[in-house]
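Have a look at target-v2.txt below; it lists compact mmCIF, C-alpha atoms.
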# COMPACT_ATOMS: atom_id res chain seq x y z
CA MET A 1 -3.26 -10.83 -9.49
CA SER A 2 -5.33 -11.38 -12.60
CA GLU A 3 -5.38 -9.17 -15.66
CA GLU A 4 -8.94 -8.09 -14.80
CA GLU A 5 -7.90 -6.94 -11.33
CA LEU A 6 -4.96 -5.08 -12.81
CA GLU A 7 -7.27 -3.42 -15.32
CA ARG A 8 -9.64 -2.44 -12.53
CA LEU A 9 -6.76 -0.84 -10.63
CA ARG A 10 -5.64 1.08 -13.68
CA SER A 11 -9.14 2.36 -14.30
CA LEU A 12 -9.31 4.03 -10.87
CA ASP A 13 -9.26 7.82 -10.89
CA TRP A 14 -5.54 8.26 -10.26
CA ASN A 15 -5.79 12.04 -10.55
CA ASP A 16 -8.18 12.01 -7.63
CA LEU A 17 -6.09 9.50 -5.66
CA GLY A 18 -2.86 11.38 -6.37
CA LEU A 19 -4.23 14.73 -5.21
CA ARG A 20 -5.71 13.30 -2.02
CA LEU A 21 -2.48 11.49 -1.30
CA LEU A 22 -0.48 14.68 -1.74
CA VAL A 23 -2.70 16.54 0.74
CA PHE A 24 -2.13 13.68 3.17
CA ALA A 25 1.64 13.67 2.60
CA LYS A 26 1.85 17.41 3.22
CA TYR A 27 -0.18 17.22 6.40
CA TRP A 28 1.83 14.30 7.75
CA ALA A 29 5.13 15.94 6.91
CA LYS A 30 4.03 19.16 8.64
CA ASN A 31 2.57 17.59 11.74
CA HIS A 32 4.96 14.73 12.34
CA TYR A 33 8.21 15.89 10.82
CA PHE A 34 7.81 19.66 11.21
CA TRP A 35 8.10 20.35 7.52
CA THR A 36 7.07 23.79 6.26
CA GLU A 37 6.02 24.85 2.75
CA GLY A 38 8.91 25.72 0.49
CA ARG A 39 11.52 23.91 2.58
CA PRO A 40 12.86 20.43 1.93
CA LEU A 41 12.48 17.35 4.04
CA ALA A 42 15.48 15.14 4.78
CA GLU A 43 17.61 14.34 1.71
CA GLY A 44 16.14 17.41 0.03
CA LYS A 45 12.86 15.67 -0.68
CA SER A 46 9.44 17.25 -0.92
CA PRO A 47 6.02 15.83 -0.02
CA ASP A 48 5.29 15.72 -3.79
CA GLU A 49 8.21 13.34 -4.23
CA ILE A 50 7.10 11.27 -1.25
CA ALA A 51 3.62 10.90 -2.74
CA ARG A 52 5.10 9.90 -6.11
CA GLU A 53 7.39 7.39 -4.41
CA ALA A 54 4.41 5.86 -2.65
CA ILE A 55 2.52 5.46 -5.95
CA SER A 56 5.59 4.01 -7.62
CA ALA A 57 6.11 1.56 -4.73
CA PHE A 58 2.45 0.58 -4.86
CA TRP A 59 2.67 -0.29 -8.57
CA GLY A 60 6.00 -1.98 -8.02
CA SER A 61 4.42 -4.45 -5.62
CA VAL A 62 0.95 -4.43 -7.11
CA ARG A 63 0.88 -8.21 -7.49
CA LYS A 64 0.89 -8.51 -3.70
CA TRP A 65 -1.96 -6.02 -3.35
CA ASN A 66 -4.93 -7.29 -1.40
CA PRO A 67 -8.13 -6.05 -3.10
CA LYS A 68 -10.01 -6.04 0.19
CA TYR A 69 -7.98 -3.00 1.31
CA ASP A 70 -8.75 0.45 -0.01
CA VAL A 71 -6.05 1.75 -2.40
CA LEU A 72 -5.86 5.23 -0.85
CA THR A 73 -5.48 3.75 2.64
CA GLN A 74 -2.57 1.64 1.43
CA LEU A 75 -0.98 4.60 -0.32
CA LYS A 76 -1.26 6.67 2.86
CA GLY A 77 0.43 3.85 4.75
CA ALA A 78 3.24 3.93 2.19
CA VAL A 79 3.63 7.70 2.62
CA ARG A 80 3.91 7.31 6.39
CA SER A 81 6.41 4.54 5.97
CA ILE A 82 8.56 6.52 3.52
CA LEU A 83 8.51 9.61 5.74
CA TRP A 84 9.47 7.54 8.75
CA ASN A 85 12.31 5.82 6.92
CA LEU A 86 13.49 9.16 5.59
CA HIS A 87 13.52 10.55 9.09
CA GLN A 88 15.43 7.51 10.33
CA LYS A 89 18.30 8.09 7.94
CA LYS A 90 18.28 11.87 7.95
CA SER A 91 21.61 13.62 8.33
CA SER A 92 22.77 15.05 11.65
CA LYS A 93 22.05 18.66 10.69
CA LEU A 94 18.36 17.82 10.51
CA THR A 95 16.58 17.75 13.81
CA ALA A 96 13.01 17.09 14.77
CA PRO A 97 11.33 18.13 18.00
CA GLN A 98 10.00 14.67 18.73
CA PRO A 99 11.17 11.23 17.68
CA PRO A 100 8.96 9.64 15.02
CA GLU A 101 7.95 6.76 17.25
CA PHE A 102 5.86 9.28 19.15
CA PHE A 103 3.29 8.70 16.45
CA ASP A 104 4.52 6.04 14.15
CA LEU A 105 3.95 2.85 16.07
CA TYR A 106 2.09 1.56 13.02
CA VAL A 107 5.43 0.49 11.60
CA GLY A 108 5.52 -2.26 14.17
CA GLU A 109 8.32 -0.79 16.23
CA VAL A 110 7.53 -1.00 19.92
CA PRO A 111 9.07 1.94 21.75
CA ASP A 112 10.62 1.57 25.16
CA ALA A 113 8.54 2.50 28.20
CA ALA A 114 10.13 5.95 28.52
CA THR A 115 9.38 6.85 24.90
CA GLU A 116 5.84 5.56 25.20
CA ALA A 117 5.29 7.61 28.38
CA ALA A 118 6.77 10.72 26.77
CA SER A 119 4.61 10.13 23.72
CA GLN A 120 1.47 9.93 25.86
CA ASP A 121 2.47 13.13 27.69
CA TYR A 122 3.15 14.97 24.46
CA CYS A 123 -0.18 13.96 22.94
CA ARG A 124 -2.09 14.81 26.13
CA ALA A 125 -0.42 18.24 26.12
CA MET A 126 -1.49 18.63 22.49
CA PHE A 127 -5.13 17.92 23.38
CA GLU A 128 -4.95 20.36 26.29
CA ALA A 129 -3.48 23.02 24.02
CA LEU A 130 -6.27 22.45 21.52
CA TYR A 131 -8.91 22.97 24.22
CA LYS A 132 -7.20 26.19 25.30
CA ASP A 133 -7.09 27.61 21.79
CA ASP A 134 -9.56 30.50 21.48
CA ALA A 135 -11.14 29.18 18.30
CA VAL A 136 -11.90 25.84 19.93
CA ARG A 137 -12.99 27.41 23.22
CA ASN A 138 -15.46 29.60 21.37
CA SER A 139 -16.96 26.84 19.25
CA ASP A 140 -19.08 24.12 20.82
CA GLU A 141 -18.83 22.09 17.63
CA LEU A 142 -15.03 22.15 17.45
CA MET A 143 -14.80 21.39 21.15
CA LEU A 144 -17.11 18.39 20.72
CA ILE A 145 -15.12 17.03 17.77
CA VAL A 146 -11.82 17.25 19.65
CA MET A 147 -13.45 15.62 22.67
CA ALA A 148 -14.85 12.84 20.51
CA TYR A 149 -11.35 11.94 19.32
CA GLU A 150 -9.94 12.20 22.82
CA GLU A 151 -12.67 9.80 23.92
CA GLY A 152 -11.63 7.24 21.32
CA ALA A 153 -13.65 7.99 18.17
CA GLU A 154 -12.14 6.20 15.19
CA THR A 155 -14.37 7.12 12.28
CA ILE A 156 -16.53 10.00 11.12
CA ALA A 157 -19.55 7.88 12.05
CA ASP A 158 -18.18 7.60 15.61
CA VAL A 159 -17.66 11.36 15.77
CA ALA A 160 -21.15 12.01 14.42
CA GLU A 161 -22.63 9.68 17.01
CA LYS A 162 -20.67 11.12 19.93
CA THR A 163 -21.25 14.76 18.98
CA GLY A 164 -24.65 14.73 17.28
CA ILE A 165 -23.08 16.74 14.43
CA GLU A 166 -23.81 15.61 10.86
CA ALA A 167 -20.94 14.17 8.81
CA ALA A 168 -21.13 16.94 6.20
CA ARG A 169 -20.74 19.57 8.93
CA ILE A 170 -17.82 17.65 10.48
CA TYR A 171 -16.06 17.71 7.11
CA ALA A 172 -16.72 21.43 6.82
CA LEU A 173 -15.20 22.05 10.25
CA ARG A 174 -12.14 19.95 9.44
CA ARG A 175 -10.54 22.77 7.44
CA GLN A 176 -10.77 25.08 10.44
CA LEU A 177 -9.50 22.47 12.86
CA LYS A 178 -6.59 21.68 10.58
CA ASP A 179 -5.38 25.29 10.77
CA ILE A 180 -5.88 25.33 14.53
CA LYS A 181 -3.86 22.15 14.95
CA GLN A 182 -1.04 23.68 12.92
CA ARG A 183 -1.08 26.81 15.06
CA VAL A 184 -1.18 24.83 18.31
CA LEU A 185 1.65 22.61 17.14
CA GLY A 186 3.84 25.67 16.69
CA THR A 187 2.90 27.04 20.11
CA LEU A 188 3.49 23.75 21.89
CA ASP A 189 6.77 23.26 20.15
CA THR A 190 8.02 26.74 21.11
CA LYS A 191 6.94 26.19 24.72
CA ASP A 192 8.93 22.98 24.87
CA GLY A 193 11.96 24.89 23.66
CA ASN A 194 12.39 22.66 20.66
CA GLU A 195 13.92 23.94 17.48
CA LYS A 196 12.10 23.38 14.24
CA GLU A 197 15.01 23.02 11.93
CA LEU A 198 14.40 21.13 8.77
CA MET B 1 -10.03 2.85 31.57
CA LYS B 2 -6.85 4.85 31.00
CA LYS B 3 -6.97 7.06 27.92
CA ASN B 4 -4.55 6.37 25.10
CA TYR B 5 -3.67 9.93 24.06
CA ARG B 6 -1.18 8.83 21.46
CA LYS B 7 -3.73 6.70 19.63
CA ALA B 8 -6.36 9.44 20.00
CA MET B 9 -4.00 12.01 18.49
CA GLU B 10 -3.13 9.67 15.65
CA ARG B 11 -6.83 9.27 14.80
CA LEU B 12 -7.39 13.01 14.99
CA ASP B 13 -4.44 13.47 12.62
CA LEU B 14 -5.79 10.87 10.22
CA PHE B 15 -9.09 12.77 10.17
CA LEU B 16 -7.40 16.12 9.62
CA ALA B 17 -5.15 14.74 6.87
CA ASP B 18 -8.10 13.19 5.08
CA THR B 19 -10.05 14.78 2.21
CA GLU B 20 -13.21 12.68 2.31
CA GLY B 21 -16.21 14.90 1.73
CA GLN B 22 -14.18 17.28 -0.48
CA SER B 23 -14.51 17.22 -4.26
CA LYS B 24 -11.48 16.55 -6.45
CA GLU B 25 -11.64 20.17 -7.60
CA ALA B 26 -11.66 21.46 -4.03
CA VAL B 27 -8.66 19.30 -3.20
CA ALA B 28 -6.82 20.59 -6.30
CA ASP B 29 -7.66 24.18 -5.36
CA GLU B 30 -6.31 23.63 -1.84
CA LEU B 31 -3.04 22.35 -3.27
CA LYS B 32 -2.79 25.16 -5.81
CA ALA B 33 -3.30 27.69 -3.02
CA GLN B 34 -0.29 26.12 -1.29
CA GLY B 35 1.81 26.61 -4.42
CA THR B 36 1.69 23.08 -5.83
CA ASP B 37 1.97 22.72 -9.60
CA VAL B 38 -1.00 20.35 -9.79
CA THR B 39 -0.75 19.81 -13.55
CA ALA B 40 2.89 18.74 -13.36
CA PHE B 41 2.23 16.52 -10.35
CA LEU B 42 -0.65 14.76 -12.09
CA GLY B 43 1.46 14.32 -15.21
CA ASP B 44 4.01 12.47 -13.10
CA VAL B 45 1.32 10.39 -11.37
CA ASN B 46 -0.17 9.29 -14.67
CA ALA B 47 3.25 8.38 -16.06
CA LEU B 48 3.93 6.25 -12.95
CA VAL B 49 0.58 4.50 -13.27
CA ARG B 50 1.15 3.80 -16.98
CA LYS B 51 4.62 2.43 -16.33
CA GLY B 52 3.45 0.35 -13.36
CA TYR B 53 0.51 -1.05 -15.29
CA GLN B 54 2.60 -2.03 -18.30
CA GLY B 55 5.25 -3.62 -16.11
CA SER B 56 2.65 -5.63 -14.19
CA LEU B 57 0.96 -6.70 -17.41
CA LYS B 58 4.27 -8.03 -18.76
CA GLU B 59 4.91 -9.81 -15.47
CA ILE B 60 1.50 -11.50 -15.56
CA ALA B 61 2.04 -12.63 -19.16
CA ALA B 62 5.51 -13.99 -18.34
CA ASN B 63 4.17 -15.86 -15.32
CA GLU B 64 1.36 -17.37 -17.37
CA ARG B 65 3.80 -18.55 -20.02
CA GLU B 66 6.04 -20.06 -17.37
CA ALA B 67 3.08 -21.82 -15.74
CA VAL B 68 2.10 -23.40 -19.06
CA VAL B 69 5.64 -24.69 -19.63
CA ARG B 70 5.79 -25.97 -16.05
CA SER B 71 2.47 -27.78 -16.29
CA ARG B 72 3.58 -29.51 -19.51
CA LYS B 73 6.78 -30.71 -17.91
CA THR B 74 5.17 -31.94 -14.77
CA ARG B 75 2.00 -33.58 -16.06
CA PHE B 76 3.34 -37.06 -15.34
CA ALA B 77 5.71 -36.04 -12.55
CA GLY B 78 3.41 -37.04 -9.72
CA LEU B 79 2.53 -40.34 -11.37
CA ALA B 80 6.02 -41.52 -12.19
CA GLY B 81 8.69 -41.10 -9.53
CA THR B 82 10.51 -44.43 -9.98
CA LYS B 83 11.31 -46.61 -13.00
CA GLU B 84 8.61 -49.12 -11.98
CA GLN B 85 6.06 -46.31 -11.79
CA MET B 86 7.18 -45.02 -15.18
CA LEU B 87 6.79 -48.47 -16.75
CA LEU B 88 3.34 -48.73 -15.24
CA LEU B 89 2.57 -45.33 -16.70
CA VAL B 90 3.73 -46.45 -20.16
CA ALA B 91 1.42 -49.45 -19.86
CA ARG B 92 -1.47 -47.16 -18.93
CA LEU B 93 -0.66 -44.88 -21.86
CA GLN B 94 -0.68 -47.87 -24.22
CA ARG B 95 -4.01 -48.98 -22.77
CA GLY B 96 -5.49 -45.57 -23.56
CA ASP B 97 -6.04 -44.39 -19.99
CA PHE B 98 -4.91 -40.88 -21.02
CA GLY B 99 -6.85 -40.67 -24.26
CA ILE B 100 -6.52 -41.96 -27.77
CA ASN B 101 -3.90 -39.43 -28.93
CA LEU B 102 -1.43 -40.34 -26.23
CA ARG B 103 -2.16 -44.06 -26.72
CA GLU B 104 -1.31 -43.86 -30.41
CA ARG B 105 1.91 -41.97 -29.70
CA ALA B 106 2.92 -44.38 -26.96
CA VAL B 107 2.23 -47.40 -29.18
CA ALA B 108 4.24 -45.84 -32.02
CA ARG B 109 7.13 -45.15 -29.69
CA CYS B 110 7.17 -48.73 -28.39
CA ARG B 111 7.08 -50.28 -31.84
CA ASN B 112 10.85 -50.67 -32.13
CA GLN B 113 11.80 -50.42 -28.48
CA ASP B 114 11.05 -52.18 -25.21
CA PRO B 115 10.60 -49.50 -22.55
CA ALA B 116 11.83 -51.89 -19.88
CA THR B 117 15.32 -51.80 -21.45
CA LEU B 118 15.57 -48.01 -21.18
CA SER B 119 17.37 -46.26 -18.32
CA GLU B 120 15.31 -44.28 -15.82
CA GLU B 121 16.56 -41.02 -17.31
CA ASP B 122 15.74 -42.06 -20.89
CA LEU B 123 12.35 -43.27 -19.80
CA ARG B 124 11.56 -39.95 -18.14
CA SER B 125 12.65 -38.03 -21.22
CA TRP B 126 10.62 -40.44 -23.38
CA LEU B 127 7.48 -39.71 -21.30
CA GLU B 128 8.10 -35.97 -21.50
CA ASP B 129 8.41 -36.24 -25.29
CA ILE B 130 5.09 -38.04 -25.51
CA ASP B 131 3.49 -35.42 -23.30
CA ALA B 132 4.99 -32.51 -25.26
CA SER B 133 4.08 -34.08 -28.60
CA GLU B 134 0.45 -34.13 -27.54
CA ALA B 135 0.58 -30.49 -26.40
CA SER B 136 2.02 -29.39 -29.75
CA GLY B 137 -0.43 -31.69 -31.55
CA VAL B 138 -3.35 -30.03 -29.76
CA GLN B 139 -1.98 -26.58 -30.60
CA ASN B 140 -1.66 -27.56 -34.28
CA GLU B 141 -5.16 -28.93 -34.48
Please render this file's structure as structure tokens.
Amino acid sequence: MSEEELERLRSLDWNDLGLRLLVFAKYWAKNHYFWTEGRPLAEGKSPDEIAREAISAFWGSVRKWNPKYDVLTQLKGAVRSILWNLHQKKSSKLTAPQPPEFFDLYVGEVPDAATEAASQDYCRAMFEALYKDDAVRNSDELMLIVMAYEEGAETIADVAEKTGIEAARIYALRRQLKDIKQRVLGTLDTKDGNEKEL
Amino acid sequence: MKKNYRKAMERLDLFLADTEGQSKEAVADELKAQGTDVTAFLGDVNALVRKGYQGSLKEIAANEREAVVRSRKTRFAGLAGTKEQMLLLVARLQRGDFGINLRERAVARCRNQDPATLSEEDLRSWLEDIDASEASGVQNE
């Protein structure tokens, strides 16, 4: 990495990046590791610490950074990786309803067939639960957005194309859908008889 | 085609965890509403960035210095692997193939000594001295 590239990285709005990363870390911890506000993750860590660790790790290996990849995307990848590793080495008193490989195949670990099948079942049940939620059932827009993702949408542009809803409106509905997902996650988890004990 | 629910859920989660379309202020407000001390968190982030930047800057400078030293040492390395090649190189230096400065230094060095009588190790060191003397000469000019 050249000095100019380093300077360009430093001049990014790190307040903006840091805040967005923290929102991401909190969401991921809640939805994948059943973390709740005010309670610690494994090893007594908090999402704030995870976000800081990701930034520190990013700067620690900044010379290997590939400028063609977005910084926030890489930081989010680091957060996922840290959370997954933390979960891997968590102590026995910490339990999670689902193993991390249900979601975290990005780390390159290929689960066995049984885990993959269970993962598919769990995620299908999650989609079904979302459709059954009253807020989704009573909103054509929310229903269309969930359907778009179920049908393979990858980006906001995909969702906009599949649903006919403008990007700005999709962003506005995200807040609502986020709360619904959290609610549904709790319901699904209780139904499965899993304990959320973090 | 069979649906990949796991992948679909991952993409939905990535969308829900994202903040694109929200202003920085809105994101900060969301975090504050959840009880995050945004000011303290940002203080930590900025300290990490400062530390990381300074560390990387030092690393770049150190690597550049090392590269300069390495290039000085190895300028003739590819041209002179054996004693015969080194003697040929001395002859080329004396002819002026590498510029007038190096020619003058090589001629001066050979005034009281026949390079052919030197050992391979001495010859290599002799070439490195000539090379280094030019580098320092250029710096002093």
Residues of chain A within 7 Å of chain B: nearest atom pair and distance (Å, one decimal) for each, counting all atoms listed in the file, sorted by chain and number, as JSON lines?
{"residue": "A:Arg10", "atom": "CA", "partner": "B:Tyr53", "partner_atom": "CA", "distance": 6.7}
{"residue": "A:Asn15", "atom": "CA", "partner": "B:Leu42", "partner_atom": "CA", "distance": 6.0}
{"residue": "A:Asp16", "atom": "CA", "partner": "B:Lys24", "partner_atom": "CA", "distance": 5.7}
{"residue": "A:Gly18", "atom": "CA", "partner": "B:Val45", "partner_atom": "CA", "distance": 6.6}
{"residue": "A:Leu19", "atom": "CA", "partner": "B:Ala28", "partner_atom": "CA", "distance": 6.5}
{"residue": "A:Arg20", "atom": "CA", "partner": "B:Thr19", "partner_atom": "CA", "distance": 6.2}
{"residue": "A:Val23", "atom": "CA", "partner": "B:Ala17", "partner_atom": "CA", "distance": 6.8}
{"residue": "A:Phe24", "atom": "CA", "partner": "B:Ala17", "partner_atom": "CA", "distance": 4.9}
{"residue": "A:Tyr27", "atom": "CA", "partner": "B:Ala17", "partner_atom": "CA", "distance": 5.6}
{"residue": "A:Arg52", "atom": "CA", "partner": "B:Val45", "partner_atom": "CA", "distance": 6.5}
{"residue": "A:Ser56", "atom": "CA", "partner": "B:Leu48", "partner_atom": "CA", "distance": 6.0}
{"residue": "A:Trp59", "atom": "CA", "partner": "B:Gly52", "partner_atom": "CA", "distance": 4.9}
{"residue": "A:Gly60", "atom": "CA", "partner": "B:Gly52", "partner_atom": "CA", "distance": 6.4}
{"residue": "A:Phe103", "atom": "CA", "partner": "B:Glu10", "partner_atom": "CA", "distance": 6.5}
{"residue": "A:Ser119", "atom": "CA", "partner": "B:Arg6", "partner_atom": "CA", "distance": 6.3}
{"residue": "A:Gln120", "atom": "CA", "partner": "B:Arg6", "partner_atom": "CA", "distance": 5.3}
{"residue": "A:Cys123", "atom": "CA", "partner": "B:Arg6", "partner_atom": "CA", "distance": 5.4}
{"residue": "A:Arg124", "atom": "CA", "partner": "B:Tyr5", "partner_atom": "CA", "distance": 5.5}
{"residue": "A:Tyr149", "atom": "CA", "partner": "B:Ala8", "partner_atom": "CA", "distance": 5.6}
{"residue": "A:Glu150", "atom": "CA", "partner": "B:Ala8", "partner_atom": "CA", "distance": 5.3}
{"residue": "A:Gly152", "atom": "CA", "partner": "B:Ala8", "partner_atom": "CA", "distance": 5.9}
{"residue": "A:Glu154", "atom": "CA", "partner": "B:Arg11", "partner_atom": "CA", "distance": 6.1}
{"residue": "A:Ala168", "atom": "CA", "partner": "B:Gly21", "partner_atom": "CA", "distance": 7.0}
{"residue": "A:Tyr171", "atom": "CA", "partner": "B:Gly21", "partner_atom": "CA", "distance": 6.1}
{"residue": "A:Arg174", "atom": "CA", "partner": "B:Leu16", "partner_atom": "CA", "distance": 6.1}
{"residue": "A:Lys178", "atom": "CA", "partner": "B:Leu16", "partner_atom": "CA", "distance": 5.7}
Record the distance separating atom CA of Leu185 of chain A and atom CA of Gln88 of chain A, expressed in Å with one decimal.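 Atom CA of Leu185 of chain A sits 21.5 Å away from atom CA of Gln88 of chain A.
Between atom CA of Phe127 of chain A and atom CA of Arg175 of chain A the separation is 17.5 Å.
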Report as a PyMOL selection string all protein, DNA and RNA residues lying within 12 Å of Thr82 of chain B, evaluated on only C-alpha atoms, omitting residues in the same chain fewer than 6 positions from it. chain B and resi 76+88-89+119-121+123-124
Around (11.8, -49.7, -24.0) in the file's own coordinates, what residues are found within 12 Å if you use all atoms listed in the file, given back as a PDB file with C-alpha atoms, in the frame of the given file?
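Once written, result_16.pdb looks like this:
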ATOM      1  CA  LYS B  83      11.310 -46.610 -13.000  1.00  0.00           C
ATOM      2  CA  MET B  86       7.180 -45.020 -15.180  1.00  0.00           C
ATOM      3  CA  LEU B  87       6.790 -48.470 -16.750  1.00  0.00           C
ATOM      4  CA  VAL B  90       3.730 -46.450 -20.160  1.00  0.00           C
ATOM      5  CA  ALA B  91       1.420 -49.450 -19.860  1.00  0.00           C
ATOM      6  CA  ALA B 106       2.920 -44.380 -26.960  1.00  0.00           C
ATOM      7  CA  VAL B 107       2.230 -47.400 -29.180  1.00  0.00           C
ATOM      8  CA  ALA B 108       4.240 -45.840 -32.020  1.00  0.00           C
ATOM      9  CA  ARG B 109       7.130 -45.150 -29.690  1.00  0.00           C
ATOM     10  CA  CYS B 110       7.170 -48.730 -28.390  1.00  0.00           C
ATOM     11  CA  ARG B 111       7.080 -50.280 -31.840  1.00  0.00           C
ATOM     12  CA  ASN B 112      10.850 -50.670 -32.130  1.00  0.00           C
ATOM     13  CA  GLN B 113      11.800 -50.420 -28.480  1.00  0.00           C
ATOM     14  CA  ASP B 114      11.050 -52.180 -25.210  1.00  0.00           C
ATOM     15  CA  PRO B 115      10.600 -49.500 -22.550  1.00  0.00           C
ATOM     16  CA  ALA B 116      11.830 -51.890 -19.880  1.00  0.00           C
ATOM     17  CA  THR B 117      15.320 -51.800 -21.450  1.00  0.00           C
ATOM     18  CA  LEU B 118      15.570 -48.010 -21.180  1.00  0.00           C
ATOM     19  CA  SER B 119      17.370 -46.260 -18.320  1.00  0.00           C
ATOM     20  CA  GLU B 120      15.310 -44.280 -15.820  1.00  0.00           C
ATOM     21  CA  GLU B 121      16.560 -41.020 -17.310  1.00  0.00           C
ATOM     22  CA  ASP B 122      15.740 -42.060 -20.890  1.00  0.00           C
ATOM     23  CA  LEU B 123      12.350 -43.270 -19.800  1.00  0.00           C
ATOM     24  CA  ARG B 124      11.560 -39.950 -18.140  1.00  0.00           C
ATOM     25  CA  TRP B 126      10.620 -40.440 -23.380  1.00  0.00           C
ATOM     26  CA  LEU B 127       7.480 -39.710 -21.300  1.00  0.00           C
TER      27      LEU B 127
END
